[in-house]
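J.: Structure provided below as structure tokens; questions to follow.
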Amino acid sequence: MAISGLLERFKKGLARTAQLFNVRSWFGRKVDQSFLDDLESRLIRADVGVAATSRLIDRVREQFADKTADEELLTFVKGELKGLLEDPRPGTLAVASKRPSVYLIAGVNGSGKTTSIAKLAQRLKDQGNTILLGACDTFRAAAADQLAVWADRAGCEIVRGSAGADPASVAHDACQRALARGVDVLIVDTAGRLHTQSHLMRELEKIRAVIQRLIPGAPHEVLLVIDATNGQNAIRQAETFTKSIGCTGAILTKLDGTAKGGVVVAVLQTINLPVKFIGIGEGIEDLQPFDADTFVESLFV
Ligand SMILES: Nc1nc2c(ncn2[C@@H]2O[C@H](COP(=O)(O)OP(=O)(O)OP(=O)(O)O)[C@@H](O)[C@H]2O)c(=O)[nH]1
Ligand SMILES: [Mg+2]
């Protein structure tokens with residue numbers, strides 16, 4: 001996608017958070033305590049997180065105290081936010097040296113796992129990969145059906161078990177099928193679970209262990225799907241998931257439905273998880289690779 005097209009898509013998806021960052025309306029104001037309080041409250045409401053917010057406010061105070069807010073201040077704030085989002089790890093998905101690359105997807109109920117998998121499958125297929133989906137959400141009968149509809153649309157195969165089957169056994173079958181078919185990518189869907197449900201967290205660890213045993217080096221990514229509308233609560237959930245199954249990255253969904261887009265900063269700063277993709281709408285095109293520059297630019301319109 002052309003850069004300007006991507007920026008437009010980000011802008012549209014992030015419009016609700018951007019409302020909080022309408023800095024141009026502050027141009028001409030004196031950078032005094034009331035200005036800093038205002039900026040601070042906006043950053044907090046956008047769920048940037050307390051630690052990152054107070055650091056940013058201190059930096060603005062140092063540089064701009066008693067000056068007049070202008071384009072220079074805007075550039076400074078953008079630069080600081082980009083700095084907070086800087087990450088040496090690649091924003092792209094790890095690719096196995098030997099097929100298949102396996103991506104395990106986890107997260108709390110309704111966070112957007114299955115639809116994000118559909119969007120991801122379509123994206124990877126469009127890039128020329130063959131894809132197999134593993135429907136390890138055997139908790140709800142409808143879950144595998146939902147994934148099957150998406151698999152059909154994207155034209156990829158799916159491995160599913162009977163309702164109530166052991167999800168790890170479905171993961172086992174999916175890995176074997178992926179190896180037998182020589183597909184490029186296996187994406188494994190799992191049932192939503194609360195981070196506090198320890199037996200369900202253990203089930204996830206078992207799925208992971210099965211994948212690891214059958215395919216050396218796998219899973220190549222363990223992606224935590226986080227509903228951005230949960231803001232700071234999502235951070236606490238993410239910490240537990242990361243401890244339990246060693247997440248390698250996050251997919252932050254539903255950014256279009258919230259003003260809490262700053263949670264991207266918190267995910268990176270608090271749980272040190274790179275944001276690989278963001279969901280900015282319900283359409284198949286609305287899962288986009290995260291790009292810190294484009295993200296920050298779209299918050300200041
Ligand atoms: N607006 C918006 N809606 C989204 C986004 N991602 C997912 N959704 C919606 O969120 C709802 C739940 O999505 P699912 O993919 O079923 O969530 P899930 O995590 O698989 O749910 P469980 O399997 O029940 O835990 C659906 O209505 C999706 O369309 C997004 O980026 N933006
Ligand atoms: Mg699901």
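We name chains A, B, ... following the order of the structure tokens; residues begin at 1 in each chain, and ligands are numbered from 1 as shown.
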At a cut-off of 8 Å, using only C-alpha atoms, what residues contact segment 231-243 of chain A? Leave out same-chain residues fewer than 6 positions from it and give the result as a ChimeraX atom specification.

T.: /A:47,49,107-108,194-195,201,224,260,263,266-267,270-271

J.: Quick one: which chain A residues come within 8 Å of ligand 1, and what is the nearest atom pair for each with the distance in Å to one decimal, counting only C-alpha atoms and all ligand atoms, rows ordered by chain and ascending number, as a tab-separated table?

T.:
residue	atom	partner	partner_atom_place_in_ligand_line	distance
A:Ala106	CA	ligand 1	19 (O)	7.9
A:Gly107	CA	ligand 1	19 (O)	6.5
A:Val108	CA	ligand 1	25 (O)	5.9
A:Asn109	CA	ligand 1	25 (O)	3.2
A:Gly110	CA	ligand 1	21 (O)	3.2
A:Ser111	CA	ligand 1	19 (O)	3.9
A:Gly112	CA	ligand 1	17 (O)	3.2
A:Lys113	CA	ligand 1	19 (O)	3.7
A:Thr114	CA	ligand 1	15 (O)	3.7
A:Thr115	CA	ligand 1	15 (O)	3.7
A:Ser116	CA	ligand 1	15 (O)	6.0
A:Ile117	CA	ligand 1	15 (O)	7.7
A:Asp137	CA	ligand 1	23 (O)	7.0
A:Ala143	CA	ligand 1	23 (O)	6.3
A:Gln146	CA	ligand 1	16 (O)	7.8
A:Asp189	CA	ligand 1	20 (O)	7.8
A:Thr190	CA	ligand 1	23 (O)	7.0
A:Ala191	CA	ligand 1	23 (O)	5.0
A:Gly192	CA	ligand 1	25 (O)	3.4
A:Arg193	CA	ligand 1	25 (O)	6.8
A:Val225	CA	ligand 1	19 (O)	7.2
A:Asp227	CA	ligand 1	6 (N)	7.8
A:Leu252	CA	ligand 1	31 (O)	7.5
A:Thr253	CA	ligand 1	31 (O)	4.1
A:Lys254	CA	ligand 1	32 (N)	3.5
A:Leu255	CA	ligand 1	31 (O)	6.0
A:Asp256	CA	ligand 1	1 (N)	5.7
A:Gly257	CA	ligand 1	1 (N)	5.6
A:Ile278	CA	ligand 1	31 (O)	6.9
A:Gly279	CA	ligand 1	31 (O)	3.3
A:Ile280	CA	ligand 1	31 (O)	4.3
A:Gly281	CA	ligand 1	32 (N)	3.6
A:Glu282	CA	ligand 1	2 (C)	4.6
A:Asp286	CA	ligand 1	31 (O)	6.5
A:Leu287	CA	ligand 1	31 (O)	6.7

J.: Would you save the residues from that selection as a compact mmCIF listing (two decimals), in the first residue's frame, using C-alpha atoms?

T.:
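Writing the result to part.txt gives the following:
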# COMPACT_ATOMS: atom_id res chain seq x y z
CA ALA A 106 -3.97 -16.22 22.32
CA GLY A 107 -5.88 -13.68 24.35
CA VAL A 108 -8.88 -13.01 26.53
CA ASN A 109 -12.44 -13.67 25.36
CA GLY A 110 -13.65 -11.58 22.49
CA SER A 111 -10.39 -9.69 22.02
CA GLY A 112 -10.47 -10.30 18.28
CA LYS A 113 -8.32 -13.43 17.86
CA THR A 114 -10.35 -15.24 15.23
CA THR A 115 -11.06 -12.21 13.04
CA SER A 116 -7.42 -11.09 13.31
CA ILE A 117 -6.34 -14.57 12.19
CA ASP A 137 -10.89 -23.31 20.13
CA ALA A 143 -15.81 -21.12 17.11
CA GLN A 146 -16.46 -19.07 12.46
CA ASP A 189 -6.50 -20.18 16.97
CA THR A 190 -7.25 -20.74 20.65
CA ALA A 191 -10.27 -20.19 22.87
CA GLY A 192 -10.49 -16.94 24.75
CA ARG A 193 -9.56 -17.19 28.39
CA VAL A 225 -4.40 -10.32 20.87
CA ASP A 227 -8.52 -5.40 22.86
CA LEU A 252 -3.79 -4.60 19.31
CA THR A 253 -7.36 -4.67 18.04
CA LYS A 254 -10.34 -2.28 17.99
CA LEU A 255 -8.24 0.87 18.04
CA ASP A 256 -10.93 2.38 15.82
CA GLY A 257 -13.46 2.04 18.63
CA ILE A 278 -3.02 -3.14 14.88
CA GLY A 279 -6.70 -3.65 14.17
CA ILE A 280 -8.36 -0.45 13.02
CA GLY A 281 -11.71 -1.70 11.77
CA GLU A 282 -13.75 -4.76 10.91
CA ASP A 286 -8.13 -3.29 8.63
CA LEU A 287 -5.32 -5.27 10.20

J.: Mind the document's chain letters and residue numbers, and return as a PyMOL selection string the residues of segment 34-243 of chain A that DSSP labels alpha helix (DSSP H).

T.: chain A and resi 34-45+50-64+71-85+113-126+141-154+167-181+198-214+231-243

J.: Within segment 125-250 of chain A, find each residue whose DSSP state, derived from the backbone, is strand (DSSP E), and express the selection as a VMD selection string.

T.: chain A and resid 131 to 135 157 to 160 185 to 189 221 to 227 249 to 250

J.: Within 9 Å of Asn22 of chain A, counting only C-alpha atoms, which residues qualify if same-chain residues fewer than 2 places away don't, as a PyMOL selection string?

T.: chain A and resi 18-20+24-26+299-301

J.: For each of A:Arg42, A:Lys12, A:Arg55, A:His172, take the minimum atom-to-atom distance to Gln212 of chain A, counting only C-alpha atoms, then give the residue where this is smallest.

T.: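 Checking each of A:Arg42, A:Lys12, A:Arg55, A:His172 against Gln212 of chain A, counting only C-alpha atoms, the winner is A:His172.
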
J.: I'd like the neighbourhood of Gly161 of chain A as a ChimeraX atom specification, where a residue qualifies if any of its atoms comes within 12 Å (using only C-alpha atoms), though same-chain residues fewer than 5 positions away should be ignored.

T.: /A:134-141,143-145,148,166-174
